[in-house]
>>> print(open('upload_35.txt').read())   # compact mmCIF, C-alpha atoms
# COMPACT_ATOMS: atom_id res chain seq x y z
CA MET A 1 82.98 25.84 149.93
CA LYS A 2 83.19 28.73 152.39
CA PHE A 3 80.01 30.72 152.97
CA ALA A 4 79.00 33.66 155.12
CA LEU A 5 75.73 34.70 156.70
CA VAL A 6 74.81 38.36 156.94
CA PHE A 7 71.91 39.79 158.94
CA PRO A 8 69.84 42.83 157.92
CA GLY A 9 69.11 45.80 160.13
CA GLN A 10 66.69 48.68 160.30
CA GLY A 11 64.99 49.45 157.00
CA SER A 12 64.24 45.86 155.95
CA GLN A 13 61.09 45.57 158.08
CA SER A 14 57.63 45.21 156.56
CA VAL A 15 54.19 44.06 157.64
CA GLY A 16 53.93 40.30 157.14
CA MET A 17 57.68 39.97 156.63
CA MET A 18 57.78 36.49 158.18
CA ASN A 19 54.95 35.03 156.06
CA GLY A 20 57.36 33.44 153.58
CA TYR A 21 58.68 31.06 156.24
CA GLY A 22 55.31 29.34 156.54
CA GLU A 23 53.80 28.26 159.83
CA SER A 24 57.17 27.53 161.38
CA SER A 25 56.94 26.91 165.11
CA ILE A 26 60.60 27.93 165.40
CA VAL A 27 59.96 31.36 163.92
CA ARG A 28 56.90 31.92 166.08
CA ALA A 29 58.68 30.71 169.24
CA THR A 30 61.55 33.13 168.62
CA PHE A 31 59.18 36.08 168.42
CA ASP A 32 57.29 34.85 171.48
CA GLU A 33 60.57 34.68 173.40
CA ALA A 34 61.39 38.28 172.49
CA SER A 35 57.83 39.37 173.29
CA ALA A 36 58.11 37.85 176.76
CA VAL A 37 61.27 39.85 177.42
CA LEU A 38 59.72 43.14 176.30
CA GLY A 39 56.18 42.64 177.53
CA ARG A 40 54.54 43.38 174.18
CA ASP A 41 53.40 41.18 171.31
CA LEU A 42 55.99 41.48 168.53
CA TRP A 43 54.38 38.74 166.45
CA ARG A 44 51.05 40.55 166.25
CA MET A 45 52.94 43.73 165.35
CA VAL A 46 54.71 41.97 162.46
CA MET A 47 51.55 40.28 161.21
CA ASP A 48 49.10 43.16 161.57
CA GLY A 49 51.21 46.32 161.49
CA PRO A 50 50.51 49.06 160.70
CA ALA A 51 53.74 49.90 158.87
CA GLU A 52 54.10 53.14 160.84
CA VAL A 53 54.32 51.16 164.08
CA LEU A 54 56.90 48.76 162.65
CA SER A 55 58.99 51.72 161.50
CA GLN A 56 59.25 53.25 164.97
CA THR A 57 62.85 52.70 166.06
CA ILE A 58 61.79 51.36 169.44
CA ASN A 59 59.89 48.59 167.62
CA THR A 60 62.00 48.08 164.51
CA GLN A 61 65.20 47.15 166.30
CA PRO A 62 63.84 44.28 168.44
CA LEU A 63 61.65 43.12 165.53
CA MET A 64 64.59 42.84 163.15
CA LEU A 65 66.74 41.17 165.81
CA ALA A 66 64.03 38.55 166.33
CA ALA A 67 63.63 38.10 162.57
CA GLY A 68 67.34 37.46 162.00
CA VAL A 69 67.63 35.04 164.91
CA ALA A 70 64.44 33.23 163.84
CA VAL A 71 65.75 32.65 160.33
CA PHE A 72 69.10 31.43 161.68
CA ARG A 73 67.35 28.98 164.01
CA LEU A 74 65.21 27.75 161.12
CA TRP A 75 68.36 27.39 159.00
CA ARG A 76 69.99 25.23 161.65
CA ASP A 77 66.82 23.17 162.17
CA ARG A 78 66.73 22.39 158.44
CA GLY A 79 70.31 21.13 158.56
CA GLY A 80 72.08 24.35 157.62
CA PRO A 81 75.75 24.35 158.71
CA PHE A 82 77.48 27.09 160.67
CA PRO A 83 78.99 29.74 158.41
CA ALA A 84 82.72 30.35 158.08
CA VAL A 85 82.05 33.96 159.12
CA ALA A 86 79.10 36.25 159.77
CA ALA A 87 78.27 39.93 160.04
CA GLY A 88 75.23 42.13 160.46
CA HIS A 89 74.46 45.58 159.11
CA SER A 90 74.13 47.97 162.05
CA LEU A 91 71.45 46.41 164.27
CA GLY A 92 72.01 43.12 162.40
CA GLU A 93 75.34 42.76 164.18
CA TYR A 94 73.40 41.74 167.29
CA SER A 95 71.64 38.99 165.33
CA ALA A 96 75.03 37.76 164.11
CA LEU A 97 76.41 37.68 167.65
CA VAL A 98 73.39 35.75 168.92
CA ALA A 99 73.79 33.27 166.05
CA ALA A 100 77.46 32.83 166.97
CA GLY A 101 76.61 32.22 170.62
CA ALA A 102 78.35 35.38 171.84
CA LEU A 103 75.11 36.87 173.18
CA ARG A 104 72.10 35.13 174.69
CA PHE A 105 68.98 36.06 172.75
CA PRO A 106 67.03 37.49 175.73
CA ASP A 107 70.04 39.62 176.69
CA ALA A 108 70.35 40.88 173.13
CA VAL A 109 66.64 41.79 173.07
CA GLU A 110 67.07 43.87 176.22
CA ALA A 111 70.22 45.54 174.91
CA VAL A 112 68.65 46.35 171.56
CA GLN A 113 65.57 47.81 173.24
CA LEU A 114 67.81 50.12 175.28
CA ARG A 115 69.90 50.91 172.18
CA ALA A 116 66.79 51.92 170.23
CA GLN A 117 65.45 54.10 173.03
CA ALA A 118 68.83 55.75 173.63
CA MET A 119 69.36 56.47 169.94
CA GLN A 120 65.88 57.96 169.62
CA GLU A 121 66.39 60.17 172.65
CA ALA A 122 69.94 61.30 171.80
CA VAL A 123 68.74 63.92 169.32
CA PRO A 124 65.37 65.73 169.59
CA GLN A 125 62.85 64.73 166.93
CA GLY A 126 63.32 66.78 163.78
CA GLU A 127 66.81 68.05 164.61
CA GLY A 128 68.64 65.15 162.97
CA ALA A 129 68.48 63.66 159.49
CA MET A 130 70.06 61.14 157.13
CA ALA A 131 70.49 61.12 153.37
CA ALA A 132 71.70 58.60 150.81
CA VAL A 133 74.29 59.93 148.37
CA LEU A 134 74.44 57.95 145.13
CA GLY A 135 77.02 58.06 142.38
CA LEU A 136 79.84 59.81 144.24
CA ASP A 137 83.09 58.37 145.58
CA ASP A 138 83.77 58.23 149.31
CA ASP A 139 86.34 61.02 149.44
CA ALA A 140 84.03 63.40 147.57
CA VAL A 141 81.26 62.63 150.06
CA ARG A 142 83.63 63.35 152.94
CA SER A 143 84.58 66.63 151.26
CA ALA A 144 80.92 67.60 150.83
CA CYS A 145 80.26 66.92 154.51
CA ALA A 146 83.29 68.96 155.60
CA GLU A 147 82.14 71.91 153.49
CA ALA A 148 78.55 71.71 154.69
CA ALA A 149 79.16 71.29 158.43
CA GLN A 150 79.54 75.01 159.24
CA GLY A 151 79.81 74.30 162.95
CA GLN A 152 77.24 71.52 162.94
CA VAL A 153 77.62 67.76 162.54
CA VAL A 154 77.28 65.96 159.21
CA GLU A 155 79.29 62.80 158.53
CA PRO A 156 79.37 59.75 156.25
CA VAL A 157 77.92 56.94 158.36
CA ASN A 158 77.09 53.98 156.10
CA PHE A 159 79.56 52.91 153.42
CA ASN A 160 77.06 50.50 151.89
CA ALA A 161 78.49 49.93 148.42
CA PRO A 162 80.79 51.68 145.96
CA SER A 163 79.22 55.08 145.22
CA GLN A 164 76.45 54.51 147.77
CA VAL A 165 77.10 56.33 151.04
CA VAL A 166 74.64 57.47 153.70
CA ILE A 167 75.33 60.68 155.61
CA ALA A 168 73.87 61.77 158.95
CA GLY A 169 73.91 64.65 161.40
CA HIS A 170 72.04 67.87 162.10
CA ALA A 171 69.14 68.23 159.66
CA LEU A 172 70.24 71.55 158.16
CA ALA A 173 73.82 70.35 157.75
CA VAL A 174 72.66 67.15 156.05
CA ALA A 175 70.56 69.19 153.63
CA ARG A 176 73.57 71.40 152.85
CA ALA A 177 75.80 68.34 152.38
CA ALA A 178 73.27 66.79 150.01
CA GLU A 179 73.44 69.89 147.82
CA ALA A 180 77.24 69.98 148.06
CA ALA A 181 77.36 66.33 147.00
CA LYS A 182 75.18 67.04 143.96
CA ALA A 183 77.44 69.95 143.06
CA ARG A 184 80.35 67.49 143.09
CA GLY A 185 78.60 65.20 140.63
CA ALA A 186 76.40 62.90 142.74
CA LYS A 187 73.61 61.37 140.69
CA ARG A 188 71.18 61.72 143.58
CA ALA A 189 71.07 62.76 147.21
CA VAL A 190 67.91 61.46 148.83
CA MET A 191 66.68 62.35 152.31
CA LEU A 192 65.76 59.18 154.24
CA PRO A 193 62.59 58.70 156.31
CA VAL A 194 64.32 58.00 159.62
CA SER A 195 63.67 59.23 163.14
CA ALA A 196 67.27 59.85 164.22
CA PRO A 197 70.74 60.44 162.69
CA PHE A 198 72.14 56.97 163.33
CA HIS A 199 75.85 56.16 163.52
CA CYS A 200 77.11 59.76 163.59
CA SER A 201 78.87 61.45 166.51
CA LEU A 202 75.55 62.88 167.75
CA MET A 203 74.84 59.34 168.96
CA ALA A 204 77.64 59.52 171.57
CA PRO A 205 75.14 59.93 174.47
CA ALA A 206 73.31 56.81 173.26
CA ALA A 207 76.60 54.92 173.08
CA ALA A 208 77.38 55.87 176.68
CA ARG A 209 74.01 54.52 177.87
CA LEU A 210 74.54 51.36 175.84
CA ALA A 211 78.01 50.85 177.34
CA THR A 212 76.53 50.82 180.84
CA ARG A 213 73.90 48.26 179.84
CA LEU A 214 76.34 45.99 178.03
CA GLU A 215 78.59 45.79 181.07
CA SER A 216 75.88 43.80 182.85
CA ILE A 217 75.35 41.36 179.98
CA PRO A 218 77.43 38.17 179.73
CA VAL A 219 79.36 37.84 176.47
CA SER A 220 80.95 34.58 175.28
CA GLU A 221 83.54 33.77 172.65
CA PRO A 222 81.77 33.40 169.28
CA THR A 223 81.62 29.88 167.81
CA PHE A 224 82.47 31.42 164.42
CA PRO A 225 83.99 34.81 163.55
CA VAL A 226 81.69 37.84 163.45
CA LEU A 227 83.09 40.84 161.58
CA HIS A 228 82.21 44.09 163.34
CA ASN A 229 80.87 47.16 161.56
CA VAL A 230 83.48 49.52 162.96
CA ASP A 231 86.51 47.94 161.29
CA ALA A 232 85.46 44.68 159.57
CA LEU A 233 87.50 42.66 162.08
CA PRO A 234 86.44 39.79 164.37
CA ARG A 235 86.79 39.79 168.14
CA GLY A 236 87.01 36.89 170.55
CA ASP A 237 86.82 38.27 174.09
CA ALA A 238 83.93 39.87 175.92
CA ARG A 239 85.56 43.24 176.59
CA ALA A 240 86.48 43.75 172.93
CA ILE A 241 83.02 42.71 171.69
CA ARG A 242 81.30 45.10 174.09
CA ALA A 243 83.62 47.93 173.04
CA ALA A 244 82.91 47.28 169.36
CA LEU A 245 79.15 47.40 169.95
CA VAL A 246 79.48 50.68 171.85
CA ARG A 247 81.63 52.23 169.11
CA GLN A 248 79.21 51.00 166.48
CA ALA A 249 76.42 53.18 167.85
CA HIS A 250 78.25 56.40 166.99
CA SER A 251 80.64 55.26 164.23
CA PRO A 252 80.25 54.51 160.51
CA VAL A 253 79.13 51.11 159.25
CA LEU A 254 81.97 49.89 157.02
CA TRP A 255 79.91 47.44 155.00
CA VAL A 256 82.05 47.55 151.85
CA ASP A 257 85.12 46.65 153.92
CA THR A 258 83.17 43.86 155.64
CA ILE A 259 82.12 42.12 152.42
CA ARG A 260 85.59 42.53 150.91
CA ALA A 261 87.10 41.03 154.08
CA MET A 262 84.86 38.00 153.65
CA ALA A 263 86.01 37.57 150.07
CA HIS A 264 89.62 37.89 151.22
CA MET A 265 88.94 35.07 153.71
CA GLY A 266 87.98 32.80 150.82
CA VAL A 267 84.20 33.12 151.11
CA SER A 268 82.46 32.32 147.82
CA HIS A 269 78.81 32.57 148.89
CA VAL A 270 77.06 35.16 151.06
CA PHE A 271 73.49 34.50 152.22
CA GLU A 272 71.31 37.16 153.85
CA ALA A 273 69.45 35.63 156.81
CA GLY A 274 66.24 37.55 157.25
CA PRO A 275 63.43 39.33 155.45
CA GLY A 276 64.34 41.54 152.52
CA LYS A 277 67.20 41.43 150.04
CA VAL A 278 68.97 44.71 150.75
CA LEU A 279 72.28 43.15 151.79
CA ALA A 280 72.17 40.58 148.98
CA GLY A 281 71.96 43.45 146.50
CA LEU A 282 74.81 45.33 148.16
CA THR A 283 76.98 42.21 148.10
CA LYS A 284 76.66 41.97 144.32
CA ARG A 285 77.59 45.63 143.95
CA ILE A 286 80.61 45.28 146.21
CA ASP A 287 81.99 42.07 144.66
CA GLY A 288 80.27 40.58 141.63
CA ALA A 289 82.17 37.31 142.04
CA LEU A 290 80.38 36.51 145.31
CA GLN A 291 77.34 34.27 144.93
CA GLY A 292 74.37 33.74 147.23
CA GLY A 293 71.20 35.68 147.86
CA GLY A 294 68.50 36.29 150.42
CA ILE A 295 66.93 33.63 152.62
CA VAL A 296 63.56 35.36 152.49
CA ASP A 297 61.23 32.33 152.53
CA ASP A 298 61.14 28.54 152.66
CA ALA A 299 61.95 28.19 148.96
CA SER A 300 65.09 30.36 149.11
CA LEU A 301 66.20 28.59 152.30
CA GLN A 302 65.99 25.24 150.55
CA GLN A 303 67.78 26.67 147.54
CA ALA A 304 70.63 27.93 149.74
CA LEU A 305 70.94 24.53 151.42
CA ALA A 306 71.02 22.81 148.03
CA THR A 307 73.74 25.20 146.84
CA LEU A 308 75.98 24.32 149.78
CA GLN A 309 75.50 20.60 149.24
>>> encode(input="upload_35.txt", output="structure tokens")
Amino acid sequence: MKFALVFPGQGSQSVGMMNGYGESSIVRATFDEASAVLGRDLWRMVMDGPAEVLSQTINTQPLMLAAGVAVFRLWRDRGGPFPAVAAGHSLGEYSALVAAGALRFPDAVEAVQLRAQAMQEAVPQGEGAMAAVLGLDDDAVRSACAEAAQGQVVEPVNFNAPSQVVIAGHALAVARAAEAAKARGAKRAVMLPVSAPFHCSLMAPAAARLATRLESIPVSEPTFPVLHNVDALPRGDARAIRAALVRQAHSPVLWVDTIRAMAHMGVSHVFEAGPGKVLAGLTKRIDGALQGGGIVDDASLQQALATLQ
């Protein structure tokens, strides 16, 4: 039986999100390790909140990295095997690369902290926006963005599931594109509560800063394939992995292609390693034949292990 692990990114955070894993010393130690790198207490932040603090990009990204790595370490400690392939949604790609041994966890924490800061600073607060377009095919979303740009930037940036695409760019252009999408038959176009227009071309300055930082970080060959967001393909050498991470910052997340690539590789089960079940839900929408679910607590971890046995 071939299985994949996928790691969630920004948006899956919540106060108390690690409670379901019990009093695991492995989970706590992972957060303590990240806290030592950053000089602030991530565990207290997760346990006590408030939610507004968790949702600040500068906090969310290292928190979700630590969460994904903690769940993977717990999985391995409980006897969980290595997956045939892994991937992470946006920020989750860093968790996947740490799990595969391509990045050292402390290095990933530093890189993600810089990534978060650079993304936040790339576009002044309030000038960028993102919206989820539901019930419209990809080409129609692209057409809506092209019509609405009017000299500004608005682009599809997350191809999350069939008929579920997130767009990003200048706030006014995103608002125009949302209306254009509804005029083309979208069921809904919902503005998202985010602090920056992630994964669009406005993030190019952030990508440049990230590229400089990544050059100083050692990267190893992954012990299992990690499919990258930019093209749903794996990479084995350090230069290619760094380049994919840099491109990812200002390029669309091709999640539909990623899950379909896993199925094409013979994967039958996809488990989401981390709090929340966003990716588990998307997997079912992308390919209903894929089984699995979210490893959101001790019970679901044991269930996943039993399934693989």
>>> residues_around(input="upload_35.txt", residues="range 21-26 of chain A", least_positions_apart="2", cutoff="9 Å", atoms="all atoms listed in the file", output="list of chain:residue names")
A:Met17, A:Met18, A:Asn19, A:Arg28, A:Ala29, A:Thr30, A:Phe31, A:Ala70, A:Val71, A:Arg73, A:Leu74, A:Asp77, A:Val296, A:Asp297, A:Asp298, A:Ala299, A:Leu301
>>> residues_around(input="upload_35.txt", residues="range 5-7 of chain A", least_positions_apart="3", cutoff="7 Å", atoms="all atoms listed in the file", output="MDAnalysis selection string")
chainID A and resid 68 83 85:89 92:93 95:96 270:274
>>> residues_around(input="upload_35.txt", residues="range 204-221 of chain A", least_positions_apart="3", cutoff="6 Å", atoms="all atoms listed in the file", output="PyMOL selection string")
chain A and resi 102-103+115+118-119+122+201+236-238+246+249-250
>>> atom_distance(input="upload_35.txt", atom1="CA of Asp137 in chain A", atom2="CA of Gly169 in chain A")
19.3 Å
>>> residues_around(input="upload_35.txt", residues="Ala129 in chain A", least_positions_apart="3", cutoff="8 Å", atoms="only C-alpha atoms", output="PDB file with C-alpha atoms, keeping the file's coordinate frame")
ATOM      1  CA  GLY A 126      63.320  66.780 163.780  1.00  0.00           C
ATOM      2  CA  ALA A 168      73.870  61.770 158.950  1.00  0.00           C
ATOM      3  CA  GLY A 169      73.910  64.650 161.400  1.00  0.00           C
ATOM      4  CA  HIS A 170      72.040  67.870 162.100  1.00  0.00           C
ATOM      5  CA  ALA A 171      69.140  68.230 159.660  1.00  0.00           C
ATOM      6  CA  VAL A 174      72.660  67.150 156.050  1.00  0.00           C
ATOM      7  CA  MET A 191      66.680  62.350 152.310  1.00  0.00           C
ATOM      8  CA  LEU A 192      65.760  59.180 154.240  1.00  0.00           C
ATOM      9  CA  VAL A 194      64.320  58.000 159.620  1.00  0.00           C
ATOM     10  CA  SER A 195      63.670  59.230 163.140  1.00  0.00           C
ATOM     11  CA  ALA A 196      67.270  59.850 164.220  1.00  0.00           C
ATOM     12  CA  PRO A 197      70.740  60.440 162.690  1.00  0.00           C
TER      13      PRO A 197
END
>>> residues_near_point(input="upload_35.txt", point="(74.3, 41.1, 143.6)", cutoff="12 Å", atoms="all atoms listed in the file", output="ChimeraX atom specification")
/A:161,259,269-272,277-294
>>> write_last_selection(input="upload_35.txt", atoms="C-alpha atoms", output="CSV table (one decimal), keeping the file's coordinate frame")
chain,number,residue,atom,x,y,z
A,161,ALA,CA,78.5,49.9,148.4
A,259,ILE,CA,82.1,42.1,152.4
A,269,HIS,CA,78.8,32.6,148.9
A,270,VAL,CA,77.1,35.2,151.1
A,271,PHE,CA,73.5,34.5,152.2
A,272,GLU,CA,71.3,37.2,153.8
A,277,LYS,CA,67.2,41.4,150.0
A,278,VAL,CA,69.0,44.7,150.8
A,279,LEU,CA,72.3,43.2,151.8
A,280,ALA,CA,72.2,40.6,149.0
A,281,GLY,CA,72.0,43.4,146.5
A,282,LEU,CA,74.8,45.3,148.2
A,283,THR,CA,77.0,42.2,148.1
A,284,LYS,CA,76.7,42.0,144.3
A,285,ARG,CA,77.6,45.6,144.0
A,286,ILE,CA,80.6,45.3,146.2
A,287,ASP,CA,82.0,42.1,144.7
A,288,GLY,CA,80.3,40.6,141.6
A,289,ALA,CA,82.2,37.3,142.0
A,290,LEU,CA,80.4,36.5,145.3
A,291,GLN,CA,77.3,34.3,144.9
A,292,GLY,CA,74.4,33.7,147.2
A,293,GLY,CA,71.2,35.7,147.9
A,294,GLY,CA,68.5,36.3,150.4
>>> closest_residue(input="upload_35.txt", among="A:Leu254, A:Arg104, A:Thr57, A:Ala84", to="Gly11 in chain A", atoms="only C-alpha atoms")
A:Thr57
>>> residues_around(input="upload_35.txt", residues="Ala173 in chain A", least_positions_apart="3", cutoff="7 Å", atoms="only C-alpha atoms", output="VMD selection string")
chain A and resid 148 to 149 152 to 154 169 to 170 176 to 177
>>> atom_distance(input="upload_35.txt", atom1="CA of Gly9 in chain A", atom2="CA of Ala108 in chain A")
14.0 Å
>>> closest_residue(input="upload_35.txt", among="A:Gly20, A:Ala100, A:Pro106, A:Ala186", to="Asp138 in chain A", atoms="only C-alpha atoms")
A:Ala186
